[in-house]
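K.L.:
Just dropping this structure here.
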Amino acid sequence: MVLLSRAAVLTLCWLIALASGALTELVIPLLALTGLAGIMSLPLRPTWSAVSPMIEAALAASVVASVPSLPDPLLLYLLVPPLAAGLLRGVVATLLTSAITAASLVIVRGVAGSLGSVSDRAALIQWVGLGLAVGLVGAWGRWSTLRAIAGSNEYLEANRLLTQLRDLARTLPTGFDEIGIAASLLTELRDEVGAEQAIVSGLTESGRLAPLASVGADRAMWGAGAPTGPWQEALNCAGAVTFPRRLDESAGHTMLAPLQLGSRCIGVVGVSRSTAPFSDDEQQLISQRVDDTALRLDTGRLFSDMRAWATVEERRRLSREIHDGIAQELAGLGFLVDELTRSTTDDATRSDLSDVRAEITRMVSELRLSIFDLRSQVEPSTGLGTALSDYVRQVGALAGLTVHLLLDEDVRRLGIETETELLRIAQEAITNARRHAQARNLWVELRVEPPHAFLQVSDDGIGLGSARDDSFGLEIMRERASRIGASLEFRPRGGGGTVVEAVLGELSNSQLHALERGST
Amino acid sequence: MSITVLIVDDHDLIRQGLRRAFERDGEFEVVGEAATVADAQRLITLVEPRVVILDVRLPDGSGADLARSARLENPELGIVMLTMYAGDEQLFEALDAGASAFVPKNAPADDVVAAARHAAASPRAFTASDLSEAMKRRMSPSGPQLSPREREVLDLLAEGLGVAQISKQLYISESTTKTHISKLYDKLGAGNRAQALMTALRLGLLKQGEATI
């Protein structure tokens, strides 16, 4: 661009000189300018190209000013340096180059003692001004080109990443999940440094730590809730923190390594064992493993956020569709059947119609519950316990079930994704009890002590019987449990009915109850 | 003189079913039907019905909002709100908006007619089949949930017992007692015993007179 405009202007200079018949007297300065243009057109190093338009400006101005008559063919060349500056370096360089052109002209003319003439000054102001204008146009052109390139680059990059993400999500068995990534990091650490207890906690948007995965503890570990002490220290992202206790506060040693993305801290990995403190080499190895995982973990988190968002949207859309469509039409049909029942005089028909009406009422009630199911979700501010108790009470009332609810939640919380999956498992189990089991009582128990959680839904209905394994949403419940690394069990309840139990963390039911009884 | 009724619902089948139910009853006269908030507003001023049957959700806005503004304009208008949604939220929204009755859409048409009769007779007395249960659900604490052990500790704290006495009484170690107490404080958002007991009283976890603060 710069080369082209320089060549064009130079050609124009020669042509004007030729046309005006002054070629012979101008041949020497024109040759000088041509030489200058040639030198300036050589490929330059970036550092050099920053000042080249200014040097070109000084030299060209000197050549032009040295000719007493200030002929137009030469003055024309004064446009080249500011244009080059504008195209190559932007507005500031353009202003500087114009200033240098003006200064050089004034100095050379001043030395020659011919600055006095009015036409002289007018010509100088005119050409320097024109140069400045051309340079600014060039700078604007440069800016808009840059912006266009930057814009399309962002999209290109995003597109590339999303494609990669989609391909990865397709090939990985459970998608791109942060919990799986966290769990595999913990397995690595257990094998490589003999960690007895380990936990990966992510920093939530509200500034709390929520456990993603843990291994090796048979009672509550730290690394959840508002970060305090060493956890807060680790979150400062200034390297690992160690302390002489295990994660469950028993005797031993712990190292906390920040999960770091650049200068941003996205969580903490805690590793502990009772045998010996972690050596420098081991600390380095742990930090290395944690660093390697940080980006994958954060990408997994982004992906789950996107998935969660899409899921919530879809559930809303579905609930609206049922609400505005089939549910209303069925209810309307119910009203018409009511009308028929009242207008018929035949007892047999009336009895048939009230059966039909009962069936329609059941279907509409079922749809209302489906809509309610789809709309229930864990609110970030209140959490799983509140969501579950609201849901259970409402569904119990609507379905005529007697609900026995036992909630024991720690003030510390699980991650919202984990809480959501547990709520959905409970919903599915409750729906089974309500819909298929003909139950009268429903027992729901939730105990949360991050990173552990225990959820049990039992009923006194007829049990699952010989149901096929994939019916009753069992498969969906299993999928949900595996997504958060929980175990899931279905078993008949003593005295009839079914028990569905989801346990998060390596903690058995009896251990949790022992914990509850305070015999720790 | 018959009771004039305006039916507002965006579903033909629902309006048709309800209209027939009202016409059969003999005591009512359906003076208009509307499918949108805008039409309903126009018709309420134009035909001045005694009772409006109103869906909570309409295509161009909320039925509850319409009920609220209609109630402001006419304290004697009977307003029966219908809903397909399950959940107490809608019921309390209707109560709040000044409706006279609230009926879920899985109920038989006779329920709607009965609700309309009630609304015409006493427009400012709210009725709903599930009202008392919903009130109960709303009144019961949804605040912190204490475990049975924490409840015991709380009760003993309220009796004025110290850590040593509590641990003796419950046959647990002092450190376990301390853990329970600190968890209890955490759940109640309290910094000391007095705050914890005050909060527990306020939340209904303790009965008045039970605590010695």
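Ordering of the structure tokens sets the chain letters (A, B, ...), residue numbers begin anew at 1 in every chain, and ligands are numbered from 1 in the order given.
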Report as a count of residues only all protein, DNA and RNA residues lying within 10 Å of A:Gln232, evaluated on only C-alpha atoms, omitting residues in the same chain fewer than 4 positions from it.
P.N.:
8
K.L.:
Taking only C-alpha atoms into account, report as a PyMOL selection string which residues of chain A lie within 7 Å of chain B.
P.N.:
chain A and resi 323+328-329+331-333+335-336+338-339+361+364-365+368-369+372+386+394+407-409+411+517-518
K.L.:
Taking into account only C-alpha atoms, which residue in the set B:Glu93, B:Glu23, B:Glu29, B:Asp111 is nearest to B:Ala64?
P.N.:
B:Glu93
K.L.:
Any idea what the distance is between atom CA of A:Gly138 and atom CA of A:Leu18?
P.N.:
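A separation of 28.5 Å between them.
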K.L.:
Which residues are near stretch 437-454 of chain A? Cut-off 6 Å, only C-alpha atoms, ignore same chain within fewer than 5 positions. Put them as a ChimeraX atom specification.
P.N.:
/A:211,401-410,414,459-463,502-505
K.L.:
Using N, CA, C and O atoms, can you export the residues from the last selection as a PDB file, in the first residue's frame?
P.N.:
ATOM      1  N   PRO A 211     -16.941 -28.452  46.861  1.00  0.00           N
ATOM      2  CA  PRO A 211     -16.171 -29.623  46.477  1.00  0.00           C
ATOM      3  C   PRO A 211     -16.647 -30.224  45.158  1.00  0.00           C
ATOM      4  O   PRO A 211     -17.847 -30.336  44.919  1.00  0.00           O
ATOM      5  N   LEU A 401     -49.837 -37.906  49.265  1.00  0.00           N
ATOM      6  CA  LEU A 401     -48.870 -38.740  49.965  1.00  0.00           C
ATOM      7  C   LEU A 401     -48.538 -38.094  51.314  1.00  0.00           C
ATOM      8  O   LEU A 401     -48.431 -36.880  51.408  1.00  0.00           O
ATOM      9  N   THR A 402     -48.374 -38.914  52.338  1.00  0.00           N
ATOM     10  CA  THR A 402     -47.896 -38.381  53.605  1.00  0.00           C
ATOM     11  C   THR A 402     -46.373 -38.349  53.549  1.00  0.00           C
ATOM     12  O   THR A 402     -45.736 -39.365  53.294  1.00  0.00           O
ATOM     13  N   VAL A 403     -45.826 -37.163  53.749  1.00  0.00           N
ATOM     14  CA  VAL A 403     -44.386 -36.995  53.557  1.00  0.00           C
ATOM     15  C   VAL A 403     -43.674 -36.911  54.900  1.00  0.00           C
ATOM     16  O   VAL A 403     -44.096 -36.187  55.798  1.00  0.00           O
ATOM     17  N   HIS A 404     -42.612 -37.696  55.047  1.00  0.00           N
ATOM     18  CA  HIS A 404     -41.766 -37.603  56.230  1.00  0.00           C
ATOM     19  C   HIS A 404     -40.404 -37.112  55.752  1.00  0.00           C
ATOM     20  O   HIS A 404     -39.677 -37.850  55.096  1.00  0.00           O
ATOM     21  N   LEU A 405     -40.098 -35.885  56.081  1.00  0.00           N
ATOM     22  CA  LEU A 405     -38.896 -35.269  55.524  1.00  0.00           C
ATOM     23  C   LEU A 405     -37.870 -35.054  56.618  1.00  0.00           C
ATOM     24  O   LEU A 405     -38.176 -34.515  57.678  1.00  0.00           O
ATOM     25  N   LEU A 406     -36.660 -35.505  56.372  1.00  0.00           N
ATOM     26  CA  LEU A 406     -35.579 -35.263  57.328  1.00  0.00           C
ATOM     27  C   LEU A 406     -34.428 -34.595  56.588  1.00  0.00           C
ATOM     28  O   LEU A 406     -33.853 -35.161  55.661  1.00  0.00           O
ATOM     29  N   LEU A 407     -34.142 -33.365  56.989  1.00  0.00           N
ATOM     30  CA  LEU A 407     -33.070 -32.613  56.333  1.00  0.00           C
ATOM     31  C   LEU A 407     -31.984 -32.328  57.342  1.00  0.00           C
ATOM     32  O   LEU A 407     -32.262 -31.871  58.440  1.00  0.00           O
ATOM     33  N   ASP A 408     -30.756 -32.598  56.975  1.00  0.00           N
ATOM     34  CA  ASP A 408     -29.650 -32.156  57.815  1.00  0.00           C
ATOM     35  C   ASP A 408     -28.556 -31.641  56.899  1.00  0.00           C
ATOM     36  O   ASP A 408     -27.787 -32.399  56.333  1.00  0.00           O
ATOM     37  N   GLU A 409     -28.558 -30.335  56.753  1.00  0.00           N
ATOM     38  CA  GLU A 409     -27.596 -29.743  55.840  1.00  0.00           C
ATOM     39  C   GLU A 409     -26.541 -28.996  56.619  1.00  0.00           C
ATOM     40  O   GLU A 409     -26.849 -28.301  57.584  1.00  0.00           O
ATOM     41  N   ASP A 410     -25.323 -29.119  56.179  1.00  0.00           N
ATOM     42  CA  ASP A 410     -24.260 -28.323  56.743  1.00  0.00           C
ATOM     43  C   ASP A 410     -24.411 -26.889  56.237  1.00  0.00           C
ATOM     44  O   ASP A 410     -25.085 -26.654  55.237  1.00  0.00           O
ATOM     45  N   LEU A 414     -22.570 -27.946  48.658  1.00  0.00           N
ATOM     46  CA  LEU A 414     -22.001 -28.624  47.500  1.00  0.00           C
ATOM     47  C   LEU A 414     -22.073 -27.672  46.323  1.00  0.00           C
ATOM     48  O   LEU A 414     -22.730 -26.641  46.394  1.00  0.00           O
ATOM     49  N   ASP A 459     -40.572 -45.480  49.953  1.00  0.00           N
ATOM     50  CA  ASP A 459     -42.032 -45.440  49.958  1.00  0.00           C
ATOM     51  C   ASP A 459     -42.569 -46.771  50.453  1.00  0.00           C
ATOM     52  O   ASP A 459     -41.826 -47.756  50.522  1.00  0.00           O
ATOM     53  N   ASP A 460     -43.852 -46.803  50.785  1.00  0.00           N
ATOM     54  CA  ASP A 460     -44.450 -48.055  51.249  1.00  0.00           C
ATOM     55  C   ASP A 460     -45.397 -48.627  50.200  1.00  0.00           C
ATOM     56  O   ASP A 460     -46.432 -49.185  50.517  1.00  0.00           O
ATOM     57  N   GLY A 461     -45.022 -48.470  48.956  1.00  0.00           N
ATOM     58  CA  GLY A 461     -45.880 -48.935  47.859  1.00  0.00           C
ATOM     59  C   GLY A 461     -45.633 -50.384  47.516  1.00  0.00           C
ATOM     60  O   GLY A 461     -45.133 -51.153  48.331  1.00  0.00           O
ATOM     61  N   ILE A 462     -45.932 -50.732  46.274  1.00  0.00           N
ATOM     62  CA  ILE A 462     -45.880 -52.133  45.874  1.00  0.00           C
ATOM     63  C   ILE A 462     -44.486 -52.546  45.387  1.00  0.00           C
ATOM     64  O   ILE A 462     -44.278 -53.690  45.021  1.00  0.00           O
ATOM     65  N   GLY A 463     -43.555 -51.599  45.365  1.00  0.00           N
ATOM     66  CA  GLY A 463     -42.200 -51.945  44.947  1.00  0.00           C
ATOM     67  C   GLY A 463     -42.038 -51.907  43.448  1.00  0.00           C
ATOM     68  O   GLY A 463     -43.013 -51.734  42.711  1.00  0.00           O
ATOM     69  N   ALA A 502     -28.852 -42.446  47.133  1.00  0.00           N
ATOM     70  CA  ALA A 502     -27.693 -41.901  46.428  1.00  0.00           C
ATOM     71  C   ALA A 502     -26.690 -41.429  47.464  1.00  0.00           C
ATOM     72  O   ALA A 502     -27.044 -40.697  48.384  1.00  0.00           O
ATOM     73  N   VAL A 503     -25.463 -41.884  47.320  1.00  0.00           N
ATOM     74  CA  VAL A 503     -24.426 -41.495  48.278  1.00  0.00           C
ATOM     75  C   VAL A 503     -23.271 -40.855  47.527  1.00  0.00           C
ATOM     76  O   VAL A 503     -22.728 -41.419  46.585  1.00  0.00           O
ATOM     77  N   LEU A 504     -22.923 -39.687  47.959  1.00  0.00           N
ATOM     78  CA  LEU A 504     -21.837 -38.945  47.334  1.00  0.00           C
ATOM     79  C   LEU A 504     -20.631 -39.000  48.263  1.00  0.00           C
ATOM     80  O   LEU A 504     -20.743 -38.752  49.455  1.00  0.00           O
ATOM     81  N   GLY A 505     -19.481 -39.317  47.702  1.00  0.00           N
ATOM     82  CA  GLY A 505     -18.282 -39.456  48.527  1.00  0.00           C
ATOM     83  C   GLY A 505     -18.194 -40.884  49.019  1.00  0.00           C
ATOM     84  O   GLY A 505     -19.166 -41.629  48.976  1.00  0.00           O
TER      85      GLY A 505
END
K.L.:
Atom CA of A:Trp309 and atom CA of A:Glu479 are how many Å apart?
P.N.:
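For atom CA of A:Trp309 relative to atom CA of A:Glu479, the distance reads 18.6 Å.
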K.L.:
Got a sec: who's within 9 Å of A:Val63, counting only C-alpha atoms, leaving out chain neighbours fewer than 6 positions off, as JSON, numbers by chain?
P.N.:
{"A": [29, 30, 32, 33, 74]}
K.L.:
Considering only strand (DSSP E) as DSSP defines it on the backbone, what residues of stretch 222-322 of chain A qualify? List them as a ChimeraX atom specification.
P.N.:
/A:241-243,253-261,264-273
K.L.:
What lies within 9 Å of A:Cys13 using only C-alpha atoms, ignoring chain neighbours under 2 positions off, as JSON, numbers by chain?
P.N.:
{"A": [8, 9, 10, 11, 15, 16, 17, 18, 30, 72, 73, 74, 75, 76, 77]}
K.L.:
Measure the distance from atom CA of A:Ser62 to atom CA of A:Ala84 in Å and round it to one decimal.
P.N.:
17.8 Å
